[in-house]
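Next up, coords-v5.cif (mmCIF, C-alpha atoms; chains and numbers go by the auth columns):
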```cif
data_run
#
loop_
_atom_site.group_PDB
_atom_site.id
_atom_site.type_symbol
_atom_site.label_atom_id
_atom_site.label_comp_id
_atom_site.label_asym_id
_atom_site.label_seq_id
_atom_site.Cartn_x
_atom_site.Cartn_y
_atom_site.Cartn_z
_atom_site.B_iso_or_equiv
_atom_site.auth_seq_id
_atom_site.auth_asym_id
ATOM 1 C CA MET A 1 93.229 -4.334 -51.486 0.00 166 L
ATOM 2 C CA LYS A 2 90.203 -5.487 -53.460 0.00 167 L
ATOM 3 C CA ARG A 3 92.187 -8.499 -54.745 0.00 168 L
ATOM 4 C CA ILE A 4 93.037 -9.500 -51.175 0.00 169 L
ATOM 5 C CA PHE A 5 89.360 -9.698 -50.248 0.00 170 L
ATOM 6 C CA ILE A 6 88.586 -11.606 -53.446 0.00 171 L
ATOM 7 C CA ILE A 7 91.276 -14.169 -52.563 0.00 172 L
ATOM 8 C CA ALA A 8 89.958 -14.490 -48.997 0.00 173 L
ATOM 9 C CA ALA A 9 86.390 -14.832 -50.291 0.00 174 L
ATOM 10 C CA PHE A 10 87.508 -17.476 -52.788 0.00 175 L
ATOM 11 C CA LEU A 11 89.244 -19.470 -50.039 0.00 176 L
ATOM 12 C CA ALA A 12 86.130 -19.230 -47.866 0.00 177 L
ATOM 13 C CA CYS A 13 83.816 -20.302 -50.706 0.00 178 L
ATOM 14 C CA ALA A 14 86.071 -23.178 -51.718 0.00 179 L
ATOM 15 C CA ALA A 15 86.190 -24.440 -48.153 0.00 180 L
ATOM 16 C CA SER A 16 82.414 -24.117 -47.755 0.00 181 L
ATOM 17 C CA ALA A 17 81.930 -26.192 -50.868 0.00 182 L
ATOM 18 C CA LEU A 18 84.030 -28.931 -49.292 0.00 183 L
ATOM 19 C CA GLY A 19 82.224 -28.663 -45.951 0.00 184 L
ATOM 20 C CA GLN A 20 85.296 -27.347 -44.153 0.00 185 L
ATOM 21 C CA ASP A 21 85.638 -24.226 -42.049 0.00 186 L
ATOM 22 C CA VAL A 22 88.287 -21.735 -43.035 0.00 187 L
ATOM 23 C CA LEU A 23 89.619 -19.318 -40.461 0.00 188 L
ATOM 24 C CA SER A 24 90.264 -15.807 -41.721 0.00 189 L
ATOM 25 C CA CYS A 25 91.786 -12.603 -40.407 0.00 190 L
ATOM 26 C CA ARG A 26 91.473 -9.228 -42.141 0.00 191 L
ATOM 27 C CA ASN A 27 93.683 -7.245 -39.780 0.00 192 L
ATOM 28 C CA VAL A 28 96.920 -9.179 -39.313 0.00 193 L
ATOM 29 C CA ARG A 29 99.341 -7.085 -37.276 0.00 194 L
ATOM 30 C CA LEU A 30 102.909 -7.118 -38.562 0.00 195 L
ATOM 31 C CA ARG A 31 105.939 -5.353 -37.132 0.00 196 L
ATOM 32 C CA PHE A 32 109.456 -5.315 -38.386 0.00 197 L
ATOM 33 C CA PHE A 33 112.454 -4.135 -36.457 0.00 198 L
ATOM 34 C CA SER A 34 115.932 -3.431 -37.723 0.00 199 L
ATOM 35 C CA SER A 35 118.708 -2.739 -35.243 0.00 200 L
ATOM 36 C CA ALA A 36 121.784 -1.098 -36.719 0.00 201 L
ATOM 37 C CA PRO A 37 124.793 0.751 -35.258 0.00 202 L
ATOM 38 C CA LEU A 38 123.477 4.236 -36.054 0.00 203 L
ATOM 39 C CA GLU A 39 119.719 3.837 -35.804 0.00 204 L
ATOM 40 C CA ASP A 40 116.941 1.385 -35.033 0.00 205 L
ATOM 41 C CA ILE A 41 114.123 1.200 -37.565 0.00 206 L
ATOM 42 C CA GLU A 42 110.638 -0.013 -36.760 0.00 207 L
ATOM 43 C CA ALA A 43 107.425 -0.130 -38.785 0.00 208 L
ATOM 44 C CA THR A 44 103.982 -1.621 -38.239 0.00 209 L
ATOM 45 C CA THR A 45 100.807 -2.384 -40.141 0.00 210 L
ATOM 46 C CA ASN A 46 97.487 -4.003 -39.333 0.00 211 L
ATOM 47 C CA LYS A 47 96.399 -4.296 -42.970 0.00 212 L
ATOM 48 C CA GLY A 48 97.478 -7.874 -43.631 0.00 213 L
ATOM 49 C CA VAL A 49 95.038 -10.675 -44.406 0.00 214 L
ATOM 50 C CA SER A 50 95.359 -14.352 -43.631 0.00 215 L
ATOM 51 C CA ALA A 51 93.480 -17.628 -43.920 0.00 216 L
ATOM 52 C CA ILE A 52 93.978 -21.032 -42.314 0.00 217 L
ATOM 53 C CA ASN A 53 92.310 -24.229 -43.456 0.00 218 L
ATOM 54 C CA PRO A 54 92.406 -26.435 -40.324 0.00 219 L
ATOM 55 C CA ALA A 55 91.622 -29.593 -42.319 0.00 220 L
ATOM 56 C CA SER A 56 94.443 -29.241 -44.869 0.00 221 L
ATOM 57 C CA ARG A 57 96.623 -27.142 -42.499 0.00 222 L
ATOM 58 C CA ALA A 58 97.250 -24.664 -45.326 0.00 223 L
ATOM 59 C CA ILE A 59 98.087 -21.121 -44.211 0.00 224 L
ATOM 60 C CA TYR A 60 98.211 -17.933 -46.261 0.00 225 L
ATOM 61 C CA PHE A 61 99.248 -14.331 -45.543 0.00 226 L
ATOM 62 C CA LYS A 62 99.291 -11.234 -47.725 0.00 227 L
ATOM 63 C CA VAL A 63 100.180 -7.664 -46.762 0.00 228 L
ATOM 64 C CA PRO A 64 100.336 -4.474 -48.840 0.00 229 L
ATOM 65 C CA ILE A 65 103.902 -3.161 -48.479 0.00 230 L
ATOM 66 C CA ASN A 66 102.873 0.509 -48.588 0.00 231 L
ATOM 67 C CA THR A 67 100.737 0.122 -45.430 0.00 232 L
ATOM 68 C CA PHE A 68 103.752 -0.110 -43.099 0.00 233 L
ATOM 69 C CA GLN A 69 103.905 3.007 -40.929 0.00 234 L
ATOM 70 C CA PHE A 70 107.177 4.491 -39.647 0.00 235 L
ATOM 71 C CA LYS A 71 107.844 7.115 -36.973 0.00 236 L
ATOM 72 C CA LYS A 72 109.744 9.201 -39.531 0.00 237 L
ATOM 73 C CA LYS A 73 108.025 10.056 -42.800 0.00 238 L
ATOM 74 C CA LEU A 74 111.348 10.099 -44.691 0.00 239 L
ATOM 75 C CA MET A 75 112.059 6.494 -43.596 0.00 240 L
ATOM 76 C CA GLN A 76 108.670 5.436 -44.922 0.00 241 L
ATOM 77 C CA GLU A 77 109.340 7.182 -48.221 0.00 242 L
ATOM 78 C CA HIS A 78 112.760 5.546 -48.635 0.00 243 L
ATOM 79 C CA PHE A 79 111.348 2.133 -47.625 0.00 244 L
ATOM 80 C CA ASN A 80 108.647 2.268 -50.318 0.00 245 L
ATOM 81 C CA GLU A 81 110.570 3.998 -53.098 0.00 246 L
ATOM 82 C CA ASN A 82 114.182 2.854 -52.738 0.00 247 L
ATOM 83 C CA TYR A 83 114.258 -0.454 -50.875 0.00 248 L
ATOM 84 C CA LEU A 84 111.010 -2.434 -51.245 0.00 249 L
ATOM 85 C CA GLU A 85 109.907 -0.604 -54.414 0.00 250 L
ATOM 86 C CA SER A 86 106.259 -0.970 -53.395 0.00 251 L
ATOM 87 C CA ASP A 87 104.957 0.407 -56.717 0.00 252 L
ATOM 88 C CA LYS A 88 106.668 -2.463 -58.531 0.00 253 L
ATOM 89 C CA TYR A 89 106.238 -5.109 -55.777 0.00 254 L
ATOM 90 C CA PRO A 90 103.077 -4.069 -53.889 0.00 255 L
ATOM 91 C CA TYR A 91 102.649 -7.149 -51.656 0.00 256 L
ATOM 92 C CA ALA A 92 104.501 -9.549 -49.412 0.00 257 L
ATOM 93 C CA GLU A 93 102.943 -13.005 -49.426 0.00 258 L
ATOM 94 C CA PHE A 94 103.429 -16.266 -47.537 0.00 259 L
ATOM 95 C CA LYS A 95 101.923 -19.590 -48.629 0.00 260 L
ATOM 96 C CA GLY A 96 102.623 -22.590 -46.488 0.00 261 L
ATOM 97 C CA LYS A 97 101.529 -25.420 -44.274 0.00 262 L
ATOM 98 C CA ILE A 98 101.257 -25.806 -40.502 0.00 263 L
ATOM 99 C CA LEU A 99 103.489 -28.656 -39.328 0.00 264 L
ATOM 100 C CA GLY A 100 103.028 -30.794 -36.248 0.00 265 L
ATOM 101 C CA ASP A 101 100.034 -32.337 -34.580 0.00 266 L
ATOM 102 C CA ALA A 102 98.201 -29.323 -33.113 0.00 267 L
ATOM 103 C CA ASP A 103 94.426 -29.891 -33.050 0.00 268 L
ATOM 104 C CA LEU A 104 93.078 -26.540 -34.202 0.00 269 L
ATOM 105 C CA THR A 105 89.518 -27.601 -33.323 0.00 270 L
ATOM 106 C CA LYS A 106 90.223 -27.940 -29.572 0.00 271 L
ATOM 107 C CA ASP A 107 91.097 -25.333 -26.946 0.00 272 L
ATOM 108 C CA GLY A 108 94.794 -25.165 -26.151 0.00 273 L
ATOM 109 C CA SER A 109 98.042 -23.383 -26.853 0.00 274 L
ATOM 110 C CA TYR A 110 100.083 -25.165 -29.492 0.00 275 L
ATOM 111 C CA PRO A 111 103.708 -24.543 -30.430 0.00 276 L
ATOM 112 C CA VAL A 112 103.850 -25.019 -34.191 0.00 277 L
ATOM 113 C CA GLU A 113 106.084 -24.502 -37.177 0.00 278 L
ATOM 114 C CA THR A 114 104.968 -23.378 -40.572 0.00 279 L
ATOM 115 C CA GLU A 115 106.899 -24.117 -43.711 0.00 280 L
ATOM 116 C CA GLY A 116 106.288 -22.273 -46.917 0.00 281 L
ATOM 117 C CA THR A 117 107.356 -19.691 -49.421 0.00 282 L
ATOM 118 C CA LEU A 118 107.737 -16.012 -48.553 0.00 283 L
ATOM 119 C CA LEU A 119 107.568 -13.644 -51.512 0.00 284 L
ATOM 120 C CA ILE A 120 109.067 -10.207 -50.898 0.00 285 L
ATOM 121 C CA HIS A 121 110.391 -7.759 -53.487 0.00 286 L
ATOM 122 C CA GLY A 122 109.600 -10.237 -56.268 0.00 287 L
ATOM 123 C CA VAL A 123 111.855 -12.919 -54.761 0.00 288 L
ATOM 124 C CA SER A 124 110.541 -16.152 -53.212 0.00 289 L
ATOM 125 C CA LYS A 125 112.398 -18.016 -50.481 0.00 290 L
ATOM 126 C CA THR A 126 111.435 -21.024 -48.376 0.00 291 L
ATOM 127 C CA TYR A 127 111.127 -20.369 -44.648 0.00 292 L
ATOM 128 C CA ARG A 128 110.418 -22.524 -41.626 0.00 293 L
ATOM 129 C CA VAL A 129 108.844 -20.298 -38.986 0.00 294 L
ATOM 130 C CA PRO A 130 108.181 -21.207 -35.342 0.00 295 L
ATOM 131 C CA GLY A 131 105.055 -19.823 -33.740 0.00 296 L
ATOM 132 C CA THR A 132 102.162 -20.408 -31.403 0.00 297 L
ATOM 133 C CA ILE A 133 98.519 -21.030 -32.222 0.00 298 L
ATOM 134 C CA THR A 134 96.064 -20.584 -29.361 0.00 299 L
ATOM 135 C CA VAL A 135 92.478 -21.803 -29.532 0.00 300 L
ATOM 136 C CA SER A 136 90.225 -20.540 -26.742 0.00 301 L
ATOM 137 C CA GLY A 137 86.447 -20.410 -26.665 0.00 302 L
ATOM 138 C CA GLY A 138 86.152 -20.695 -30.422 0.00 303 L
ATOM 139 C CA LYS A 139 88.730 -17.959 -31.098 0.00 304 L
ATOM 140 C CA THR A 140 92.024 -18.767 -32.792 0.00 305 L
ATOM 141 C CA THR A 141 95.122 -16.594 -32.462 0.00 306 L
ATOM 142 C CA ALA A 142 98.463 -17.099 -34.217 0.00 307 L
ATOM 143 C CA GLU A 143 101.745 -15.455 -33.229 0.00 308 L
ATOM 144 C CA ALA A 144 105.189 -15.762 -34.784 0.00 309 L
ATOM 145 C CA LYS A 145 108.567 -14.060 -34.786 0.00 310 L
ATOM 146 C CA PHE A 146 111.240 -14.726 -37.400 0.00 311 L
ATOM 147 C CA ASP A 147 114.194 -13.137 -39.176 0.00 312 L
ATOM 148 C CA VAL A 148 114.439 -12.076 -42.808 0.00 313 L
ATOM 149 C CA ARG A 149 117.781 -11.385 -44.478 0.00 314 L
ATOM 150 C CA VAL A 150 117.247 -8.441 -46.842 0.00 315 L
ATOM 151 C CA ALA A 151 119.850 -9.818 -49.276 0.00 316 L
ATOM 152 C CA ASP A 152 117.824 -13.058 -49.611 0.00 317 L
ATOM 153 C CA HIS A 153 115.097 -11.010 -51.303 0.00 318 L
ATOM 154 C CA GLN A 154 117.496 -8.902 -53.397 0.00 319 L
ATOM 155 C CA ILE A 155 116.765 -5.743 -51.431 0.00 320 L
ATOM 156 C CA LYS A 156 119.714 -3.472 -52.114 0.00 321 L
ATOM 157 C CA ILE A 157 121.074 -1.266 -49.350 0.00 322 L
ATOM 158 C CA PRO A 158 123.248 1.573 -50.687 0.00 323 L
ATOM 159 C CA SER A 159 126.717 1.650 -49.115 0.00 324 L
ATOM 160 C CA LEU A 160 126.071 5.227 -47.994 0.00 325 L
ATOM 161 C CA VAL A 161 123.408 4.063 -45.497 0.00 326 L
ATOM 162 C CA VAL A 162 124.616 0.520 -44.780 0.00 327 L
ATOM 163 C CA LYS A 163 125.308 1.420 -41.120 0.00 328 L
ATOM 164 C CA ASN A 164 121.704 2.636 -40.749 0.00 329 L
ATOM 165 C CA ILE A 165 119.999 -0.556 -41.918 0.00 330 L
ATOM 166 C CA ALA A 166 120.580 -4.035 -40.555 0.00 331 L
ATOM 167 C CA GLU A 167 121.201 -7.016 -42.840 0.00 332 L
ATOM 168 C CA VAL A 168 118.629 -9.033 -40.881 0.00 333 L
ATOM 169 C CA VAL A 169 115.177 -7.713 -40.008 0.00 334 L
ATOM 170 C CA GLU A 170 113.062 -9.195 -37.215 0.00 335 L
ATOM 171 C CA VAL A 171 109.414 -9.735 -38.204 0.00 336 L
ATOM 172 C CA THR A 172 106.652 -10.210 -35.627 0.00 337 L
ATOM 173 C CA MET A 173 103.132 -11.284 -36.616 0.00 338 L
ATOM 174 C CA THR A 174 99.851 -11.573 -34.693 0.00 339 L
ATOM 175 C CA ALA A 175 96.529 -12.642 -36.217 0.00 340 L
ATOM 176 C CA GLU A 176 93.141 -13.228 -34.611 0.00 341 L
ATOM 177 C CA TYR A 177 91.007 -15.507 -36.773 0.00 342 L
ATOM 178 C CA GLN A 178 87.266 -15.844 -37.233 0.00 343 L
ATOM 179 C CA ALA A 179 85.551 -18.880 -38.718 0.00 344 L
ATOM 180 C CA ALA A 180 84.125 -18.197 -42.164 0.00 345 L
ATOM 181 C CA THR A 181 80.348 -18.267 -42.170 0.00 346 L
ATOM 182 C CA LYS A 182 78.688 -20.960 -44.219 0.00 347 L
ATOM 183 C CA PRO A 183 75.768 -20.071 -46.496 0.00 348 L
#
```

Whole structure given in structure tokens:
Amino acid sequence: MKRIFIIAAFLACAASALGQDVLSCRNVRLRFFSSAPLEDIEATTNKGVSAINPASRAIYFKVPINTFQFKKKLMQEHFNENYLESDKYPYAEFKGKILGDADLTKDGSYPVETEGTLLIHGVSKTYRVPGTITVSGGKTTAEAKFDVRVADHQIKIPSLVVKNIAEVVEVTMTAEYQAATKP
């Protein structure tokens, strides 16, 4: 967790040095949902961090895998130990760019796409994710929903439980950003 704050602080300092504001969020809310024939699986966390540089349109997310909370403790244990191997691969990370012509300095609701690399379970894959960025009264909110194929990130599902876990997981993200303060 300490490294996450160091990265966010570095991004903020680098942007300050260039005279640009960086937007940051220290409590990104993430939810994933897996619908399968025998059982639906859902987990949430609000421990993600994110930064947006409105000038360069760069966007960054990082979330500790072991912070996802499940309704059933056994699901959480299996998720961390058997599937995502959170001791070996402790974070999911997205580095990308906001596409389109949304003016993140003016109030409005902007449909956007981000394109970048999602790293999960030690495997990187390029994604193009639709979302919405809303700027209102100096506050910036980002929302997105997208699908992740577990096989694309080499997450192995044992044949014994294949009917319990879907091949595609729906991910929902919400982040409320604050402008970094300049010294």

Open item on the list: Give me the residues near region 218-221 of chain L as a list in words, where near means some atom within 7 Å (using only C-alpha atoms) and where sequence neighbours in that chain fewer than 6 positions away do not count.
Closed with: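 Answer for this query is Gln185, Asp186, Val187, Leu188 and Leu269 of chain L.
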
Task: Spatial neighbours of Met240 (chain L), max dist 10 Å, all atoms listed in the file, sep filter under 6 positions, as JSON, numbers by chain - done: {"L": [206, 207, 208, 234, 246]}

Task: Resolved residues for the PyMOL selection byres ((chain L and resi 282) around 7) as a PyMOL selection string - done: chain L and resi 259-261+281+283-284+289-292

How about saving the chosen residues, C-alpha atoms kept, as a PDB file, keeping the file's coordinate frame?
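The new file part.pdb reads:
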```
ATOM      1  CA  PHE L 259     103.429 -16.266 -47.537  1.00  0.00           C
ATOM      2  CA  LYS L 260     101.923 -19.590 -48.629  1.00  0.00           C
ATOM      3  CA  GLY L 261     102.623 -22.590 -46.488  1.00  0.00           C
ATOM      4  CA  GLY L 281     106.288 -22.273 -46.917  1.00  0.00           C
ATOM      5  CA  LEU L 283     107.737 -16.012 -48.553  1.00  0.00           C
ATOM      6  CA  LEU L 284     107.568 -13.644 -51.512  1.00  0.00           C
ATOM      7  CA  SER L 289     110.541 -16.152 -53.212  1.00  0.00           C
ATOM      8  CA  LYS L 290     112.398 -18.016 -50.481  1.00  0.00           C
ATOM      9  CA  THR L 291     111.435 -21.024 -48.376  1.00  0.00           C
ATOM     10  CA  TYR L 292     111.127 -20.369 -44.648  1.00  0.00           C
TER      11      TYR L 292
END
```

Task: CA of Asp252 (chain L) to CA of Tyr342 (chain L), straight-line distance in Å - done: 29.1 Å

Open item on the list: Measuring between all atoms listed in the file, which one of L:Ile330, L:Asp266, L:Thr337, L:His286 shows the shortest distance to Leu203 (chain L)?
Closed with: L:Ile330

Open item on the list: Could you tell me, as a PyMOL selection string, exactly which residues end up selected when the PyMOL selection byres ((chain L and resi 264) around 9) is applied to this structure?
Closed with: chain L and resi 222+262-263+265-267+277-280

Write out, as a PDB file, in the frame of the given file, the residues just selected, with C-alpha atoms.
```pdb
ATOM      1  CA  ARG L 222      96.623 -27.142 -42.499  1.00  0.00           C
ATOM      2  CA  LYS L 262     101.529 -25.420 -44.274  1.00  0.00           C
ATOM      3  CA  ILE L 263     101.257 -25.806 -40.502  1.00  0.00           C
ATOM      4  CA  GLY L 265     103.028 -30.794 -36.248  1.00  0.00           C
ATOM      5  CA  ASP L 266     100.034 -32.337 -34.580  1.00  0.00           C
ATOM      6  CA  ALA L 267      98.201 -29.323 -33.113  1.00  0.00           C
ATOM      7  CA  VAL L 277     103.850 -25.019 -34.191  1.00  0.00           C
ATOM      8  CA  GLU L 278     106.084 -24.502 -37.177  1.00  0.00           C
ATOM      9  CA  THR L 279     104.968 -23.378 -40.572  1.00  0.00           C
ATOM     10  CA  GLU L 280     106.899 -24.117 -43.711  1.00  0.00           C
TER      11      GLU L 280
END
```

Task: CA of Arg314 (chain L) to CA of Thr299 (chain L), distance in Å rounded to a single decimal - done: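 Going from CA of Arg314 (chain L) over to CA of Thr299 (chain L), I get 28.0 Å.
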
Open item on the list: From the options L:Val300, L:Ala257, L:Ile322, L:Val294, which residue's atoms come nearest to Tyr275 (chain L), counting all atoms listed in the file?
Closed with: L:Val300

Open item on the list: Here is a test: counting all atoms listed in the file, which residue of L:Thr305, L:Ala201, L:Ala216, L:Lys227 is nearest to Asp268 (chain L)?
Closed with: L:Thr305

Task: Gap from CA of Phe226 (chain L) to CA of Tyr248 (chain L) - Å, one decimal - done: 21.1 Å

Extending 3 Å beyond the listed atoms of region 222-234 of chain L on each side, what axis-aligned box results? I want centre and edge lengths in Å to one decimal, as JSON.
```
{"center_x": 100.3, "center_y": -12.1, "center_z": -44.9, "size_x": 13.3, "size_y": 36.1, "size_z": 13.9}
```

- [ ] Identify which of the residues L:Pro229, L:Gly303, L:Pro255, L:Pro202 lies closest to Glu341 (chain L), counting all atoms listed in the file when measuring atom-to-atom distances.
- [x] L:Gly303

- [ ] Convert the output of the PyMOL selection byres ((chain L and resi 318) around 7) on the shown file into explicit residues, formatted as a list in words.
- [x]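 Selected by the PyMOL selection byres ((chain L and resi 318) around 7) in this file: Ile285, His286, Val288, Val315, Ala316, Asp317, Gln319 and Ile320 of chain L.
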
Open item on the list: Restricting the calculation to only C-alpha atoms: of L:Gln241, L:Asn247, L:Asn192, L:Asn231, which residue gets closest to Lys321 (chain L)?
Closed with: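 Comparing L:Gln241, L:Asn247, L:Asn192, L:Asn231 against Lys321 (chain L), the winner is L:Asn247.
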
Where atoms are absent from region 193-211 of chain L, fill them in so it carries N, CA and C atoms, then output it as a PDB file, in the frame of the given file.
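Written file, part02.pdb:
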```pdb
ATOM      1  N   VAL L 193      95.673  -8.611 -39.838  1.00  0.00           N
ATOM      2  CA  VAL L 193      96.920  -9.179 -39.313  1.00  0.00           C
ATOM      3  C   VAL L 193      97.846  -8.028 -38.936  1.00  0.00           C
ATOM      4  N   ARG L 194      98.393  -8.103 -37.731  1.00  0.00           N
ATOM      5  CA  ARG L 194      99.341  -7.085 -37.276  1.00  0.00           C
ATOM      6  C   ARG L 194     100.762  -7.593 -37.534  1.00  0.00           C
ATOM      7  N   LEU L 195     101.516  -6.787 -38.261  1.00  0.00           N
ATOM      8  CA  LEU L 195     102.909  -7.118 -38.562  1.00  0.00           C
ATOM      9  C   LEU L 195     103.793  -5.970 -38.092  1.00  0.00           C
ATOM     10  N   ARG L 196     104.948  -6.339 -37.571  1.00  0.00           N
ATOM     11  CA  ARG L 196     105.939  -5.353 -37.132  1.00  0.00           C
ATOM     12  C   ARG L 196     107.282  -5.842 -37.628  1.00  0.00           C
ATOM     13  N   PHE L 197     108.075  -4.930 -38.141  1.00  0.00           N
ATOM     14  CA  PHE L 197     109.456  -5.315 -38.386  1.00  0.00           C
ATOM     15  C   PHE L 197     110.370  -4.346 -37.669  1.00  0.00           C
ATOM     16  N   PHE L 198     111.495  -4.889 -37.249  1.00  0.00           N
ATOM     17  CA  PHE L 198     112.454  -4.135 -36.457  1.00  0.00           C
ATOM     18  C   PHE L 198     113.847  -4.417 -36.990  1.00  0.00           C
ATOM     19  N   SER L 199     114.572  -3.345 -37.219  1.00  0.00           N
ATOM     20  CA  SER L 199     115.932  -3.431 -37.723  1.00  0.00           C
ATOM     21  C   SER L 199     116.828  -2.670 -36.756  1.00  0.00           C
ATOM     22  N   SER L 200     117.772  -3.374 -36.151  1.00  0.00           N
ATOM     23  CA  SER L 200     118.708  -2.739 -35.243  1.00  0.00           C
ATOM     24  C   SER L 200     120.052  -2.602 -35.950  1.00  0.00           C
ATOM     25  N   ALA L 201     120.513  -1.375 -36.040  1.00  0.00           N
ATOM     26  CA  ALA L 201     121.784  -1.098 -36.719  1.00  0.00           C
ATOM     27  C   ALA L 201     122.612  -0.152 -35.839  1.00  0.00           C
ATOM     28  N   PRO L 202     123.925  -0.068 -36.104  1.00  0.00           N
ATOM     29  CA  PRO L 202     124.793   0.751 -35.258  1.00  0.00           C
ATOM     30  C   PRO L 202     124.348   2.215 -35.095  1.00  0.00           C
ATOM     31  N   LEU L 203     123.830   2.830 -36.144  1.00  0.00           N
ATOM     32  CA  LEU L 203     123.477   4.236 -36.054  1.00  0.00           C
ATOM     33  C   LEU L 203     122.022   4.504 -35.699  1.00  0.00           C
ATOM     34  N   GLU L 204     121.136   3.547 -36.022  1.00  0.00           N
ATOM     35  CA  GLU L 204     119.719   3.837 -35.804  1.00  0.00           C
ATOM     36  C   GLU L 204     118.877   2.560 -35.875  1.00  0.00           C
ATOM     37  N   ASP L 205     117.912   2.464 -34.955  1.00  0.00           N
ATOM     38  CA  ASP L 205     116.941   1.385 -35.033  1.00  0.00           C
ATOM     39  C   ASP L 205     115.784   1.831 -35.911  1.00  0.00           C
ATOM     40  N   ILE L 206     115.247   0.894 -36.676  1.00  0.00           N
ATOM     41  CA  ILE L 206     114.123   1.200 -37.565  1.00  0.00           C
ATOM     42  C   ILE L 206     112.999   0.234 -37.237  1.00  0.00           C
ATOM     43  N   GLU L 207     111.807   0.793 -37.076  1.00  0.00           N
ATOM     44  CA  GLU L 207     110.638  -0.013 -36.760  1.00  0.00           C
ATOM     45  C   GLU L 207     109.457   0.477 -37.584  1.00  0.00           C
ATOM     46  N   ALA L 208     108.639  -0.474 -38.050  1.00  0.00           N
ATOM     47  CA  ALA L 208     107.425  -0.130 -38.785  1.00  0.00           C
ATOM     48  C   ALA L 208     106.353  -1.161 -38.470  1.00  0.00           C
ATOM     49  N   THR L 209     105.096  -0.726 -38.532  1.00  0.00           N
ATOM     50  CA  THR L 209     103.982  -1.621 -38.239  1.00  0.00           C
ATOM     51  C   THR L 209     102.858  -1.427 -39.247  1.00  0.00           C
ATOM     52  N   THR L 210     102.042  -2.457 -39.366  1.00  0.00           N
ATOM     53  CA  THR L 210     100.807  -2.384 -40.141  1.00  0.00           C
ATOM     54  C   THR L 210      99.804  -3.347 -39.522  1.00  0.00           C
ATOM     55  N   ASN L 211      98.540  -3.065 -39.713  1.00  0.00           N
ATOM     56  CA  ASN L 211      97.487  -4.003 -39.333  1.00  0.00           C
ATOM     57  C   ASN L 211      96.581  -4.255 -40.532  1.00  0.00           C
TER      58      ASN L 211
END
```
